[in-house]
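Below is one structure, written out as structure tokens; the observations come after it.
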Protein chains: 2
Amino acid sequence: MPKRNLARFINCLSGFKSANLIGTQNKAGNTNLAIFSSVVHLGASPALIGLIMRPDNNARHTLNNIKANQQYTINQVSESFYRSAHQTAANYAENESEFEQTNLTTSYIEDVKAPFVNESRLKYAVQLKEIVPITHNNTMLIIGEITHVICEEMAIKEDGSIDIEALNTVTLSGLDSYHTTQRLSRLTHADPSLPVQDINDSHDAVKDAAR
Amino acid sequence: MPKRNLARFINCLSGFKSANLIGTQNKAGNTNLAIFSSVVHLGASPALIGLIMRPDNNARHTLNNIKANQQYTINQVSESFYRSAHQTAANYAENESEFEQTNLTTSYIEDVKAPFVNESRLKYAVQLKEIVPITHNNTMLIIGEITHVICEEMAIKEDGSIDIEALNTVTLSGLDSYHTTQRLSRLTHADPSLPVQDINDSHDAVKDAAR
């Protein structure tokens with residue numbers, strides 16, 4: 001298989017991926033925005049989030065800014081701006097902001113030295129904790145702690161879960177395929193002595209939460 | 001927020017997640033199967049795949065088997081068996097196989113000391129490369145190299161990509177919500193001097209592959 005085809009093939013094996021924009025800025029306040037498909041949940045307590053980063057041209061600006069300010073934002077990509085989100089992967093010069101180039105807009109909150117994506121319906125600020133080198137292929141696992149969450153209230157359920165499908169959050173497969181979702185079901189906590197059950201309504205979810 | 005609600009909340013922040021079953025066996029040949037939402041692409045060349053593992057009761061059997069045999073399988077979860085896949089998370093005893101308990105069936109290939117999920121339409125064998133401890137929350141990044149891929153041929157496109165939506169692969173959000181997908185588009189490689197473009201057909205994809 002040609003090398004680029006092989007890259008497409010291997011990129012599909014992990015399954016559906018998250019689509020997130022990482023917002024950063026340098027010491028001079030110049031903003032950067034880059035799409036990543038490798039944001040991964042690490043744990044809820046403490047609230048840690050991981051990000052696999054390849055030190056290529058495009059990611060280098062993001063990495064330098066994270067190292068400089070120790071803060072970054074993660075912004076879920078919704079259907080309404082997934083095309084702009086994809087375009088942030090283009091190899092813009094360091095002094096060109098992907099926000100301007102892709103018609104996405106910044107928003108800020110106090111204490112966070114990184115721009116949020118105004119258009120994102122679920123976003124959060126992250127404090128850098130550690131950069132773990134993955135020596136086998138010269139990539140890194142960036143570990144951060146979630147410090148501030150901004151989410152549309154309508155999507156937050158009584159049991160704490162967030163209906164990210166209601167926010168039109170998209171999912172990625174491979175290098176370039178974007179998808180919306182259709183919920184099959186929420187399933188109750190698996191128990192060896194019980195069959196699989198649906199969480200039918202908020203009452204069930206609250207019962208399950210009480211476990 | 002109560003602790004379990006907070007866990008649900010934080011688990012939704014990373015966005016849509018992959019749904020995969022990890023197949024392993026111990027030295028005596030007893031099989032284990034466990035669902036994970038944290039399989040992440042690390043790189044195509046070499047073909048590396050990551051897995052975040054929390055050493056709780058359920059994952060411990062998987063971890064012990066991976067350490068013992070240095071091999072495991074990763075099996076994408078499709079719509080037809082997502083409920084069985086979820087049930088593998090139940091806390092079965094070490095001598096109970098999740099295959100039997102959930103009515104999934106094993107299949108094997110030569111040279112791989114781990115069971116595949118027969119029902120899975122895209123699956124692969126992985127050779128353990130490294131276990132990286134994540135000290136902040138006592139989890140681990142398991143790094144493996146993909147050695148054998150088994151995939152329904154109809155889903156493999158001319159440009160190397162795999163149409164995992166055509167395989168009815170599901171995606172997960174939070175702890176318990178399963179979703180099918182609906183493709184919005186495939187987009188061409190982002191270029192700073194060009195607007196975002198759809199890959200309309202295999203011809204476009206081949207052109208893009210030639211870049």
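All residue names refer to the structure tokens as shown: chains lettered A, B, ... in order, residues numbered from 1 in each chain, ligands numbered from 1 in order.
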
*When the cut-off is 7 Å and we count only C-alpha atoms, which residues of chain A are near chain B, given as a PyMOL selection string?*
chain A and resi 4-12+14-19+38-42+44+47+52+76+83+86-87+89-92+159-162+171+174+176-188+190-192+196+209

*List every residue of stretch 49-195 of chain A that DSSP, applied to the backbone, labels as strand (DSSP E), and write the result as an MDAnalysis selection string.*
chainID A and resid 49:53 71:76 106:107 116:117 122:134 139:151 171:173 177:186

*Can you list, as a ChimeraX atom specification, all residues belonging to stretch 22-203 of chain B that DSSP tags as helix (DSSP H, G or I)?*
/B:57-69,79-87,98-102,153-155,202-203

*Selection: 10 Å around B:Thr106, only C-alpha atoms, excl. self and same-chain fewer than 2 positions, as number ranges by chain*: B: 23, 31, 33, 99-100, 103-104, 108, 114-119

Preceding selection exported with all heavy atoms as a JSON list (two decimals), in the first residue's frame:
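What follows is the written file again_6.json:
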```json
[["chain", "number", "residue", "atom", "x", "y", "z"],
["B", 23, "GLY", "N", -9.63, -8.48, 23.58],
["B", 23, "GLY", "CA", -9.63, -9.93, 23.80],
["B", 23, "GLY", "C", -8.26, -10.40, 24.27],
["B", 23, "GLY", "O", -7.25, -10.05, 23.66],
["B", 31, "THR", "N", -10.13, -17.37, 28.39],
["B", 31, "THR", "CA", -10.29, -16.11, 27.65],
["B", 31, "THR", "C", -10.91, -15.02, 28.51],
["B", 31, "THR", "O", -11.66, -15.29, 29.46],
["B", 31, "THR", "CB", -11.16, -16.31, 26.40],
["B", 31, "THR", "OG1", -12.43, -16.80, 26.82],
["B", 31, "THR", "CG2", -10.51, -17.29, 25.44],
["B", 33, "LEU", "N", -12.68, -10.89, 27.92],
["B", 33, "LEU", "CA", -13.11, -9.88, 26.96],
["B", 33, "LEU", "C", -13.62, -8.68, 27.74],
["B", 33, "LEU", "O", -14.41, -8.82, 28.68],
["B", 33, "LEU", "CB", -14.23, -10.45, 26.07],
["B", 33, "LEU", "CG", -14.61, -9.64, 24.84],
["B", 33, "LEU", "CD1", -13.46, -9.56, 23.85],
["B", 33, "LEU", "CD2", -15.84, -10.25, 24.18],
["B", 99, "PHE", "N", -16.92, -14.05, 27.09],
["B", 99, "PHE", "CA", -17.46, -14.57, 25.83],
["B", 99, "PHE", "C", -18.71, -15.41, 26.12],
["B", 99, "PHE", "O", -19.77, -15.18, 25.53],
["B", 99, "PHE", "CB", -16.41, -15.43, 25.10],
["B", 99, "PHE", "CG", -15.38, -14.65, 24.34],
["B", 99, "PHE", "CD1", -14.13, -14.42, 24.87],
["B", 99, "PHE", "CD2", -15.68, -14.14, 23.08],
["B", 99, "PHE", "CE1", -13.17, -13.72, 24.15],
["B", 99, "PHE", "CE2", -14.72, -13.43, 22.35],
["B", 99, "PHE", "CZ", -13.46, -13.22, 22.90],
["B", 100, "GLU", "N", -18.57, -16.39, 27.00],
["B", 100, "GLU", "CA", -19.73, -17.24, 27.31],
["B", 100, "GLU", "C", -20.86, -16.45, 27.96],
["B", 100, "GLU", "O", -22.02, -16.63, 27.65],
["B", 100, "GLU", "CB", -19.30, -18.37, 28.26],
["B", 100, "GLU", "CG", -18.52, -19.46, 27.56],
["B", 100, "GLU", "CD", -17.81, -20.36, 28.56],
["B", 100, "GLU", "OE1", -18.38, -20.62, 29.64],
["B", 100, "GLU", "OE2", -16.66, -20.78, 28.26],
["B", 103, "ASN", "N", -22.62, -14.26, 25.25],
["B", 103, "ASN", "CA", -22.98, -14.86, 23.96],
["B", 103, "ASN", "C", -22.21, -14.30, 22.77],
["B", 103, "ASN", "O", -22.73, -14.26, 21.65],
["B", 103, "ASN", "CB", -24.50, -14.73, 23.69],
["B", 103, "ASN", "CG", -25.29, -15.56, 24.68],
["B", 103, "ASN", "OD1", -24.93, -16.70, 24.95],
["B", 103, "ASN", "ND2", -26.35, -14.97, 25.23],
["B", 104, "LEU", "N", -20.99, -13.90, 23.01],
["B", 104, "LEU", "CA", -20.10, -13.57, 21.90],
["B", 104, "LEU", "C", -19.20, -14.79, 21.68],
["B", 104, "LEU", "O", -19.00, -15.59, 22.59],
["B", 104, "LEU", "CB", -19.27, -12.32, 22.21],
["B", 104, "LEU", "CG", -20.09, -11.03, 22.29],
["B", 104, "LEU", "CD1", -19.28, -9.88, 22.87],
["B", 104, "LEU", "CD2", -20.65, -10.65, 20.91],
["B", 108, "TYR", "N", -9.81, -17.51, 16.19],
["B", 108, "TYR", "CA", -8.35, -17.45, 16.37],
["B", 108, "TYR", "C", -7.65, -17.45, 15.03],
["B", 108, "TYR", "O", -8.18, -17.97, 14.04],
["B", 108, "TYR", "CB", -7.87, -18.67, 17.18],
["B", 108, "TYR", "CG", -8.26, -18.60, 18.65],
["B", 108, "TYR", "CD1", -9.47, -19.11, 19.10],
["B", 108, "TYR", "CD2", -7.39, -18.01, 19.56],
["B", 108, "TYR", "CE1", -9.82, -19.04, 20.44],
["B", 108, "TYR", "CE2", -7.74, -17.93, 20.91],
["B", 108, "TYR", "CZ", -8.94, -18.45, 21.34],
["B", 108, "TYR", "OH", -9.28, -18.37, 22.67],
["B", 114, "ALA", "N", -4.37, -14.80, 21.51],
["B", 114, "ALA", "CA", -5.48, -14.04, 22.07],
["B", 114, "ALA", "C", -6.69, -14.25, 21.18],
["B", 114, "ALA", "O", -6.54, -14.42, 19.95],
["B", 114, "ALA", "CB", -5.13, -12.55, 22.14],
["B", 115, "PRO", "N", -7.89, -14.28, 21.77],
["B", 115, "PRO", "CA", -9.10, -14.52, 20.98],
["B", 115, "PRO", "C", -9.60, -13.25, 20.29],
["B", 115, "PRO", "O", -9.60, -12.18, 20.88],
["B", 115, "PRO", "CB", -10.11, -14.98, 22.03],
["B", 115, "PRO", "CG", -9.68, -14.26, 23.28],
["B", 115, "PRO", "CD", -8.18, -14.14, 23.21],
["B", 116, "PHE", "N", -10.04, -13.39, 19.06],
["B", 116, "PHE", "CA", -10.80, -12.34, 18.39],
["B", 116, "PHE", "C", -12.28, -12.53, 18.71],
["B", 116, "PHE", "O", -12.72, -13.63, 19.06],
["B", 116, "PHE", "CB", -10.62, -12.40, 16.88],
["B", 116, "PHE", "CG", -9.26, -12.00, 16.39],
["B", 116, "PHE", "CD1", -8.27, -12.97, 16.19],
["B", 116, "PHE", "CD2", -8.96, -10.68, 16.13],
["B", 116, "PHE", "CE1", -7.01, -12.60, 15.74],
["B", 116, "PHE", "CE2", -7.69, -10.30, 15.67],
["B", 116, "PHE", "CZ", -6.72, -11.26, 15.49],
["B", 117, "VAL", "N", -13.06, -11.46, 18.52],
["B", 117, "VAL", "CA", -14.51, -11.55, 18.60],
["B", 117, "VAL", "C", -15.03, -11.85, 17.21],
["B", 117, "VAL", "O", -14.91, -11.03, 16.29],
["B", 117, "VAL", "CB", -15.12, -10.24, 19.13],
["B", 117, "VAL", "CG1", -16.64, -10.33, 19.14],
["B", 117, "VAL", "CG2", -14.58, -9.91, 20.51],
["B", 118, "ASN", "N", -15.56, -13.04, 17.06],
["B", 118, "ASN", "CA", -16.05, -13.49, 15.75],
["B", 118, "ASN", "C", -17.02, -12.49, 15.14],
["B", 118, "ASN", "O", -17.00, -12.24, 13.93],
["B", 118, "ASN", "CB", -16.73, -14.85, 15.96],
["B", 118, "ASN", "CG", -16.85, -15.63, 14.68],
["B", 118, "ASN", "OD1", -16.00, -15.52, 13.80],
["B", 118, "ASN", "ND2", -17.92, -16.40, 14.58],
["B", 119, "GLU", "N", -17.89, -11.92, 15.96],
["B", 119, "GLU", "CA", -18.93, -11.01, 15.49],
["B", 119, "GLU", "C", -18.40, -9.66, 15.02],
["B", 119, "GLU", "O", -19.11, -8.91, 14.35],
["B", 119, "GLU", "CB", -19.96, -10.77, 16.61],
["B", 119, "GLU", "CG", -20.84, -11.98, 16.93],
["B", 119, "GLU", "CD", -20.14, -13.05, 17.78],
["B", 119, "GLU", "OE1", -18.97, -12.84, 18.19],
["B", 119, "GLU", "OE2", -20.75, -14.11, 18.02]]
```

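With atom CA of A:Asn26 on one side and atom CA of A:Arg121 on the other, the separation reads 24.4 Å.
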
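In this structure, atom CA of B:Thr24 sits 7.7 Å away from atom CA of B:Lys113.
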